[in-house]
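Reading through the structure tokens given below for one structure.
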Amino acid sequence: MCLAVPMKVIELLPGEKARVEREGLEAVVDVSLVEQARVGDYLIIHAGYAIQALDLEEAEERLRLFAEMAEKENPGSEGRP
Amino acid sequence: MSLRPRQEERRLAEPLIGAIRRASGKLGREVRLMEVCGTHTVAIRRSGLRSLLPPNIRLISGPGCPVCVTPAGYIDNALALLERRGPTLASFGDLLKVPGASGGSLSGHLGGGRLRVLYSPAELLELARSSGGPVVFLGIGFETTVPAVAAAFLRAAEQGLDNLFLYPAFKTVPPALGALLRGPGRNLDGFLLPGHVSVILGLEPYRFLEAPGGVPGVITGFEPLDLLRGILALVRQLAEGTRRVENAYERAVRPEGNPKAREVMSRLLEPADALWRGLGLIPESGLELRPGFAGFDAARRFGLPPVWNSEPAGCGCAEVLQGLQEPERCPLFGRACAPESPVGPCMVSSEGACAAAYRYGGAEA
């Protein structure tokens with residue numbers, strides 16, 4: 001029941017609502033539980049309400065650290081452009 | 001951050017698995033790590049993670065599914081409301097198939113026009129406006145869900161809607177962790193703390209885990225790499241002999257949680273003792289309406305009796321919810337009890353430990 005998915009804000013709407021999008025799927029959600037949502041933000045959506053903004057920099061940094069660990073463990077294994 | 005191609009994910013997972021192996025080698029004993037979030041339960045089973053871990057790391061499912069810990073008596077009270085000529089009931093879909101003590105479930109009333117299934121509590125306002133009579137919302141959920149419900153009811157109060165009622169069976173996670181540590185099992189070594197509950201709570205409400213008698217707790221996300229990272233952090237703490245609350249889901253969880261959501265929640269609701277299926281009565285582990293909002297109280301308005309626990313004969317849900325029994329060890333599992341013909345709530349709910357074990361397998365041999 002605690003499933004929540006990140007969705008990108010594409011438009012702010014009156015009444016503390018926002019239009020959000022993920023993989024071509026659009027929805028209107030309530031943003032009254034988070035601080036100042038902006039267009040382009042990724043919000044974590046649960047039951048039609050945004051419950052937090054996703055920290056994209058942190059997400060990227062974490063993936064970079066994972067990749068670094070993998071590279072150290074198994075050098076040259078990436079084989080990707 | 002998500003939906004990485006499988007192969008790439010596996011490549012990134014390898015060092016984490018290697019690090020877990022190395023850290024677990026220093027333990028010299030079996031450790032039991034419990035997840036207390038149904039979304040974790042499903043993610044762990046679906047990813048097949050258990051088979052990748054060293055044999056001395058046991059993952060145990062706890063009371064992570066709000067539907068599964070709702071007492072049967074609550075369902076019976078809801079059914080009694082439907083049998084009267086009276087209110088329309090609104091519920092999240094998760095609750096519909098759970099049998100009450102009488103064996104009946106809400107799903108038998110679908111299509112009768114008196115039971116509405118909601119995706120979002122925001123829909124309650126329109127439902128109350130368009131319905132001539134009273135509307136009762138069956139309030140199920142942990143801290144992830146409660147702020148959304150509270151926001152909808154506070155808006156209803158602003159708009160002066162007087163035909164909307166709340167029948168709360170909300171549960172809060174930290175008191176349940178305390179109860180599990182004091183419970184009959186008492187052999188847990190650490191908690192994978194629920195990611196989205198923690199989005200709301202932050203780290204502070206878990207600090208009691210750091211006191212004597214506590215265990216390490218790591219806030220963990222839901223992707224396979226997140227889960228491995230949470231497990232690694234727990235195993236490292238156990239190897240070092242520390243007992244700290246850590247956040248391994250930083251992209252979503254701020255140390256302070258979401259104060260705005262907590263404020264909305266506590267404007268409407270206050271802590272109250274609550275009855276859990278499997279775990280019994282846990283002090284201050286539920287939420288009830290504050291006196292100023294007693295007008296929303298469905299139990300008062302419709303004279304509902306207190307809820308009670310009642311388990312179907314032979315059903316092992318109570319033991320499964322406490323982590324005392326693997327789903328597969330229940331004598332009913334996969335025979336008398338399966339998702340098409342569930343006996344207990346852990347098989348009914350798609351996030352129940354039994355349903356996840358049935359669908360994905362992957363338990364330790």
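Letters A, B, ... go to the chains of the structure tokens in the order shown; residues in each chain start at 1; ligands are counted from 1 in the same order.
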Give me, as a Markdown table, the closest atom pair and its distance (Å, one decimal) for every residue of chain A within a cut-off of 9 Å of chain B, counting only C-alpha atoms, rows sorted by chain and rising number.
```
| residue | atom | partner | partner_atom | distance |
| --- | --- | --- | --- | --- |
| A:Met1 | CA | B:Cys65 | CA | 6.8 |
| A:Cys2 | CA | B:Thr144 | CA | 6.1 |
| A:Leu3 | CA | B:Thr39 | CA | 6.2 |
| A:Ala4 | CA | B:His196 | CA | 7.3 |
| A:Val29 | CA | B:Ala122 | CA | 8.9 |
| A:Asp30 | CA | B:Ala122 | CA | 7.9 |
| A:Ser32 | CA | B:Ala151 | CA | 8.0 |
| A:Leu33 | CA | B:Ala261 | CA | 5.1 |
| A:Val34 | CA | B:Lys260 | CA | 6.7 |
| A:Glu35 | CA | B:Lys260 | CA | 7.7 |
| A:Ile44 | CA | B:Ala252 | CA | 7.7 |
| A:His46 | CA | B:Thr145 | CA | 7.3 |
| A:Ala47 | CA | B:Ser120 | CA | 4.6 |
| A:Gly48 | CA | B:Ser120 | CA | 5.0 |
| A:Tyr49 | CA | B:Ala148 | CA | 6.1 |
| A:Ala50 | CA | B:Ala148 | CA | 8.7 |
| A:Ile51 | CA | B:Ala261 | CA | 7.3 |
| A:Gln52 | CA | B:Ala252 | CA | 6.9 |
| A:Ala53 | CA | B:Ala252 | CA | 7.1 |
| A:Leu54 | CA | B:Ala252 | CA | 5.3 |
| A:Asp55 | CA | B:Arg251 | CA | 4.6 |
| A:Leu56 | CA | B:Arg251 | CA | 6.7 |
| A:Glu57 | CA | B:Arg251 | CA | 8.0 |
| A:Glu58 | CA | B:Arg251 | CA | 5.3 |
| A:Ala59 | CA | B:Arg251 | CA | 5.4 |
| A:Glu60 | CA | B:Met1 | CA | 6.9 |
| A:Arg62 | CA | B:Met1 | CA | 8.5 |
| A:Leu63 | CA | B:Met1 | CA | 7.1 |
| A:Phe66 | CA | B:Leu12 | CA | 5.8 |
| A:Ala67 | CA | B:Leu12 | CA | 6.0 |
| A:Glu68 | CA | B:Leu12 | CA | 8.9 |
| A:Met69 | CA | B:Pro15 | CA | 6.3 |
| A:Ala70 | CA | B:Leu12 | CA | 5.5 |
| A:Glu71 | CA | B:Leu12 | CA | 8.8 |
| A:Lys72 | CA | B:Pro15 | CA | 8.7 |
| A:Glu73 | CA | B:Pro15 | CA | 6.3 |
| A:Asn74 | CA | B:Pro15 | CA | 8.6 |
| A:Ser77 | CA | B:Arg11 | CA | 8.3 |
| A:Glu78 | CA | B:Arg11 | CA | 8.2 |
```
Fill in: Polymer residues at most 7 Å from Asp189 of chain B, only C-alpha atoms, same-chain spacing of 2 or more positions, as a VMD selection string
chain B and resid 31 to 33 187 215
Discussion item. Please identify the alpha helix (DSSP H) residues within segment 99-225 of chain B (assignment by DSSP from backbone atoms) and present them as an MDAnalysis selection string.
Written reply: chainID B and resid 123:130 146:158 173:182 195:201 224:225
Saved selection, atoms kept: C-alpha atoms, as an mmCIF file, in the first residue's frame:
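New file part.cif:
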```cif
data_model
loop_
_atom_site.group_PDB
_atom_site.id
_atom_site.type_symbol
_atom_site.label_atom_id
_atom_site.label_comp_id
_atom_site.auth_asym_id
_atom_site.auth_seq_id
_atom_site.Cartn_x
_atom_site.Cartn_y
_atom_site.Cartn_z
ATOM 1 C CA GLU B 123 -11.957 11.909 -4.607
ATOM 2 C CA LEU B 124 -13.854 11.928 -1.303
ATOM 3 C CA LEU B 125 -14.857 15.582 -1.610
ATOM 4 C CA GLU B 126 -16.669 15.119 -4.911
ATOM 5 C CA LEU B 127 -18.179 11.849 -3.720
ATOM 6 C CA ALA B 128 -19.574 13.504 -0.580
ATOM 7 C CA ARG B 129 -20.932 16.446 -2.590
ATOM 8 C CA SER B 130 -22.650 14.276 -5.182
ATOM 9 C CA VAL B 146 -2.315 9.174 6.430
ATOM 10 C CA PRO B 147 -1.285 12.727 5.394
ATOM 11 C CA ALA B 148 -3.212 12.391 2.110
ATOM 12 C CA VAL B 149 -6.340 11.286 3.969
ATOM 13 C CA ALA B 150 -5.896 14.041 6.551
ATOM 14 C CA ALA B 151 -5.483 16.673 3.814
ATOM 15 C CA ALA B 152 -8.761 15.564 2.215
ATOM 16 C CA PHE B 153 -10.681 15.678 5.514
ATOM 17 C CA LEU B 154 -9.256 19.082 6.483
ATOM 18 C CA ARG B 155 -10.398 20.376 3.104
ATOM 19 C CA ALA B 156 -13.841 18.871 3.724
ATOM 20 C CA ALA B 157 -13.926 20.734 7.049
ATOM 21 C CA GLU B 158 -13.004 24.006 5.296
ATOM 22 C CA VAL B 173 5.245 1.955 12.287
ATOM 23 C CA PRO B 174 7.707 2.914 15.093
ATOM 24 C CA PRO B 175 5.541 1.587 17.990
ATOM 25 C CA ALA B 176 5.139 -1.697 16.091
ATOM 26 C CA LEU B 177 8.941 -2.025 15.790
ATOM 27 C CA GLY B 178 9.173 -1.633 19.559
ATOM 28 C CA ALA B 179 6.484 -4.274 20.050
ATOM 29 C CA LEU B 180 8.308 -6.671 17.699
ATOM 30 C CA LEU B 181 11.537 -6.295 19.678
ATOM 31 C CA ARG B 182 9.696 -7.066 22.919
ATOM 32 C CA GLY B 195 11.257 3.941 2.602
ATOM 33 C CA HIS B 196 8.022 5.775 2.010
ATOM 34 C CA VAL B 197 6.855 5.799 5.626
ATOM 35 C CA SER B 198 10.239 7.403 6.311
ATOM 36 C CA VAL B 199 9.650 10.044 3.609
ATOM 37 C CA ILE B 200 7.094 11.396 6.074
ATOM 38 C CA LEU B 201 8.780 10.522 9.390
ATOM 39 C CA PRO B 224 17.057 -4.113 -6.089
ATOM 40 C CA LEU B 225 20.195 -1.962 -5.697
#
```
Worksheet item: Residues at most 12 Å from Gly334 of chain B, counting only C-alpha atoms, excluding those fewer than 2 positions away in the same chain, as a ChimeraX atom specification?
Response: /B:327-332,336-343,347,354-359,361
Discussion item. So that I can check the surroundings of Phe302 of chain B, please list as JSON, numbers by chain every protein, DNA and RNA residue that reaches within 12 Å of it, counting only C-alpha atoms and ignoring chain neighbours fewer than 4 positions away.
Written reply: {"B": [77, 78, 80, 81, 82, 84, 85, 86, 87, 134, 135, 136, 165, 166, 167, 295, 296, 297, 298]}
N, CA and C atoms of the current selection, written as a PDB file, in the first residue's frame:
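Okay, selection_5.pdb is ready:
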```pdb
ATOM      1  N   ASN B  77     -17.416  -4.704  11.100  1.00  0.00           N
ATOM      2  CA  ASN B  77     -18.101  -3.434  11.367  1.00  0.00           C
ATOM      3  C   ASN B  77     -18.427  -2.707  10.064  1.00  0.00           C
ATOM      4  N   ALA B  78     -17.488  -2.743   9.115  1.00  0.00           N
ATOM      5  CA  ALA B  78     -17.738  -2.098   7.818  1.00  0.00           C
ATOM      6  C   ALA B  78     -18.879  -2.808   7.083  1.00  0.00           C
ATOM      7  N   ALA B  80     -21.304  -4.405   8.484  1.00  0.00           N
ATOM      8  CA  ALA B  80     -22.553  -4.073   9.185  1.00  0.00           C
ATOM      9  C   ALA B  80     -23.096  -2.730   8.697  1.00  0.00           C
ATOM     10  N   LEU B  81     -22.177  -1.801   8.399  1.00  0.00           N
ATOM     11  CA  LEU B  81     -22.618  -0.497   7.881  1.00  0.00           C
ATOM     12  C   LEU B  81     -23.291  -0.650   6.524  1.00  0.00           C
ATOM     13  N   LEU B  82     -22.754  -1.563   5.696  1.00  0.00           N
ATOM     14  CA  LEU B  82     -23.326  -1.758   4.361  1.00  0.00           C
ATOM     15  C   LEU B  82     -24.680  -2.450   4.445  1.00  0.00           C
ATOM     16  N   ARG B  84     -26.861  -2.014   6.768  1.00  0.00           N
ATOM     17  CA  ARG B  84     -27.904  -1.072   7.173  1.00  0.00           C
ATOM     18  C   ARG B  84     -28.302  -0.227   5.978  1.00  0.00           C
ATOM     19  N   ARG B  85     -29.491   0.342   6.048  1.00  0.00           N
ATOM     20  CA  ARG B  85     -29.831   1.359   5.047  1.00  0.00           C
ATOM     21  C   ARG B  85     -29.142   2.632   5.514  1.00  0.00           C
ATOM     22  N   GLY B  86     -28.104   2.978   4.920  1.00  0.00           N
ATOM     23  CA  GLY B  86     -27.422   4.155   5.441  1.00  0.00           C
ATOM     24  C   GLY B  86     -26.313   4.597   4.553  1.00  0.00           C
ATOM     25  N   PRO B  87     -25.098   4.634   5.114  1.00  0.00           N
ATOM     26  CA  PRO B  87     -24.017   5.317   4.426  1.00  0.00           C
ATOM     27  C   PRO B  87     -23.492   4.580   3.196  1.00  0.00           C
ATOM     28  N   PRO B 134     -24.859  10.091   3.857  1.00  0.00           N
ATOM     29  CA  PRO B 134     -23.529  10.035   4.461  1.00  0.00           C
ATOM     30  C   PRO B 134     -22.558   9.139   3.696  1.00  0.00           C
ATOM     31  N   VAL B 135     -21.279   9.518   3.718  1.00  0.00           N
ATOM     32  CA  VAL B 135     -20.206   8.739   3.085  1.00  0.00           C
ATOM     33  C   VAL B 135     -19.162   8.438   4.161  1.00  0.00           C
ATOM     34  N   VAL B 136     -18.822   7.156   4.312  1.00  0.00           N
ATOM     35  CA  VAL B 136     -17.813   6.755   5.301  1.00  0.00           C
ATOM     36  C   VAL B 136     -16.566   6.271   4.579  1.00  0.00           C
ATOM     37  N   PHE B 165     -17.536  11.024   6.681  1.00  0.00           N
ATOM     38  CA  PHE B 165     -17.096  10.449   7.955  1.00  0.00           C
ATOM     39  C   PHE B 165     -15.846   9.587   7.741  1.00  0.00           C
ATOM     40  N   LEU B 166     -15.055   9.466   8.812  1.00  0.00           N
ATOM     41  CA  LEU B 166     -13.826   8.673   8.752  1.00  0.00           C
ATOM     42  C   LEU B 166     -13.936   7.532   9.766  1.00  0.00           C
ATOM     43  N   TYR B 167     -13.611   6.322   9.286  1.00  0.00           N
ATOM     44  CA  TYR B 167     -13.530   5.177  10.197  1.00  0.00           C
ATOM     45  C   TYR B 167     -12.066   4.756  10.236  1.00  0.00           C
ATOM     46  N   GLY B 295     -16.826  15.326  14.859  1.00  0.00           N
ATOM     47  CA  GLY B 295     -17.968  15.281  13.935  1.00  0.00           C
ATOM     48  C   GLY B 295     -17.726  14.354  12.746  1.00  0.00           C
ATOM     49  N   PHE B 296     -16.444  14.078  12.430  1.00  0.00           N
ATOM     50  CA  PHE B 296     -16.110  13.159  11.324  1.00  0.00           C
ATOM     51  C   PHE B 296     -16.161  11.693  11.747  1.00  0.00           C
ATOM     52  N   ASP B 297     -16.290  11.430  13.046  1.00  0.00           N
ATOM     53  CA  ASP B 297     -16.061  10.085  13.578  1.00  0.00           C
ATOM     54  C   ASP B 297     -17.191   9.109  13.226  1.00  0.00           C
ATOM     55  N   ALA B 298     -16.910   8.195  12.316  1.00  0.00           N
ATOM     56  CA  ALA B 298     -17.943   7.243  11.860  1.00  0.00           C
ATOM     57  C   ALA B 298     -18.348   6.278  12.973  1.00  0.00           C
TER      58      ALA B 298
END
```
DSSP on the backbone: what in segment 145-243 of chain B comes out strand (DSSP E or B), as a short mmCIF file (atom, residue, chain, number, x, y, z; two decimals) with N, CA and C atoms, in the first residue's frame?
```cif
data_model
loop_
_atom_site.label_atom_id
_atom_site.label_comp_id
_atom_site.auth_asym_id
_atom_site.auth_seq_id
_atom_site.Cartn_x
_atom_site.Cartn_y
_atom_site.Cartn_z
N LEU B 164 -19.51 13.64 5.44
CA LEU B 164 -18.33 12.79 5.22
C LEU B 164 -17.80 12.33 6.58
N PHE B 165 -17.54 11.02 6.68
CA PHE B 165 -17.10 10.45 7.96
C PHE B 165 -15.85 9.59 7.74
N LEU B 166 -15.05 9.47 8.81
CA LEU B 166 -13.83 8.67 8.75
C LEU B 166 -13.94 7.53 9.77
N TYR B 167 -13.61 6.32 9.29
CA TYR B 167 -13.53 5.18 10.20
C TYR B 167 -12.07 4.76 10.24
N PRO B 168 -11.29 5.33 11.16
CA PRO B 168 -9.84 5.14 11.09
C PRO B 168 -9.36 3.80 11.63
N LYS B 171 -2.33 2.84 11.19
CA LYS B 171 -1.31 2.30 12.08
C LYS B 171 -0.03 3.10 11.88
N GLY B 190 17.96 -6.80 13.03
CA GLY B 190 17.97 -5.49 12.39
C GLY B 190 16.70 -5.29 11.59
N PHE B 191 16.40 -4.02 11.31
CA PHE B 191 15.22 -3.67 10.50
C PHE B 191 15.63 -2.97 9.22
N LEU B 192 15.07 -3.42 8.10
CA LEU B 192 15.07 -2.60 6.88
C LEU B 192 13.87 -1.68 7.06
N LEU B 193 14.12 -0.41 7.33
CA LEU B 193 13.03 0.52 7.64
C LEU B 193 12.31 0.96 6.36
N PRO B 194 11.02 1.16 6.44
CA PRO B 194 10.21 1.40 5.25
C PRO B 194 10.48 2.76 4.60
N GLY B 217 18.84 -0.05 12.37
CA GLY B 217 17.75 0.16 11.42
C GLY B 217 18.25 0.97 10.24
N VAL B 218 17.93 0.55 9.02
CA VAL B 218 18.39 1.27 7.84
C VAL B 218 17.20 1.57 6.93
N ILE B 219 16.96 2.85 6.70
CA ILE B 219 15.88 3.27 5.81
C ILE B 219 16.29 2.88 4.38
N THR B 220 15.43 2.16 3.71
CA THR B 220 15.81 1.49 2.47
C THR B 220 14.79 1.75 1.37
#
```
Item to complete: Determine, counting only C-alpha atoms, which protein, DNA and RNA residues have an atom within 8 Å of an atom of segment 11-20 of chain A; residues of the same chain fewer than 4 positions away are not included. Present the result as a PyMOL selection string.
Response: chain A and resi 7+26-32+37-39
Could you dump the residues just selected with C-alpha atoms as a short mmCIF file (atom, residue, chain, number, x, y, z; two decimals), in the first residue's frame?
```cif
data_model
loop_
_atom_site.label_atom_id
_atom_site.label_comp_id
_atom_site.auth_asym_id
_atom_site.auth_seq_id
_atom_site.Cartn_x
_atom_site.Cartn_y
_atom_site.Cartn_z
CA MET A 7 6.53 11.79 -11.65
CA GLU A 26 -0.37 12.01 -17.17
CA ALA A 27 -2.18 12.69 -13.92
CA VAL A 28 -3.36 15.62 -11.84
CA VAL A 29 -2.11 15.42 -8.27
CA ASP A 30 -2.44 17.43 -5.07
CA VAL A 31 0.78 19.22 -4.09
CA SER A 32 -0.39 20.74 -0.79
CA ALA A 37 6.56 22.45 -6.38
CA ARG A 38 8.06 23.79 -9.64
CA VAL A 39 7.72 22.76 -13.27
#
```
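Distances from A:Arg64, A:Leu25, A:Ile10, A:Pro75 to Tyr42 of chain A were compared using only C-alpha atoms, and the smallest one belongs to A:Ile10.
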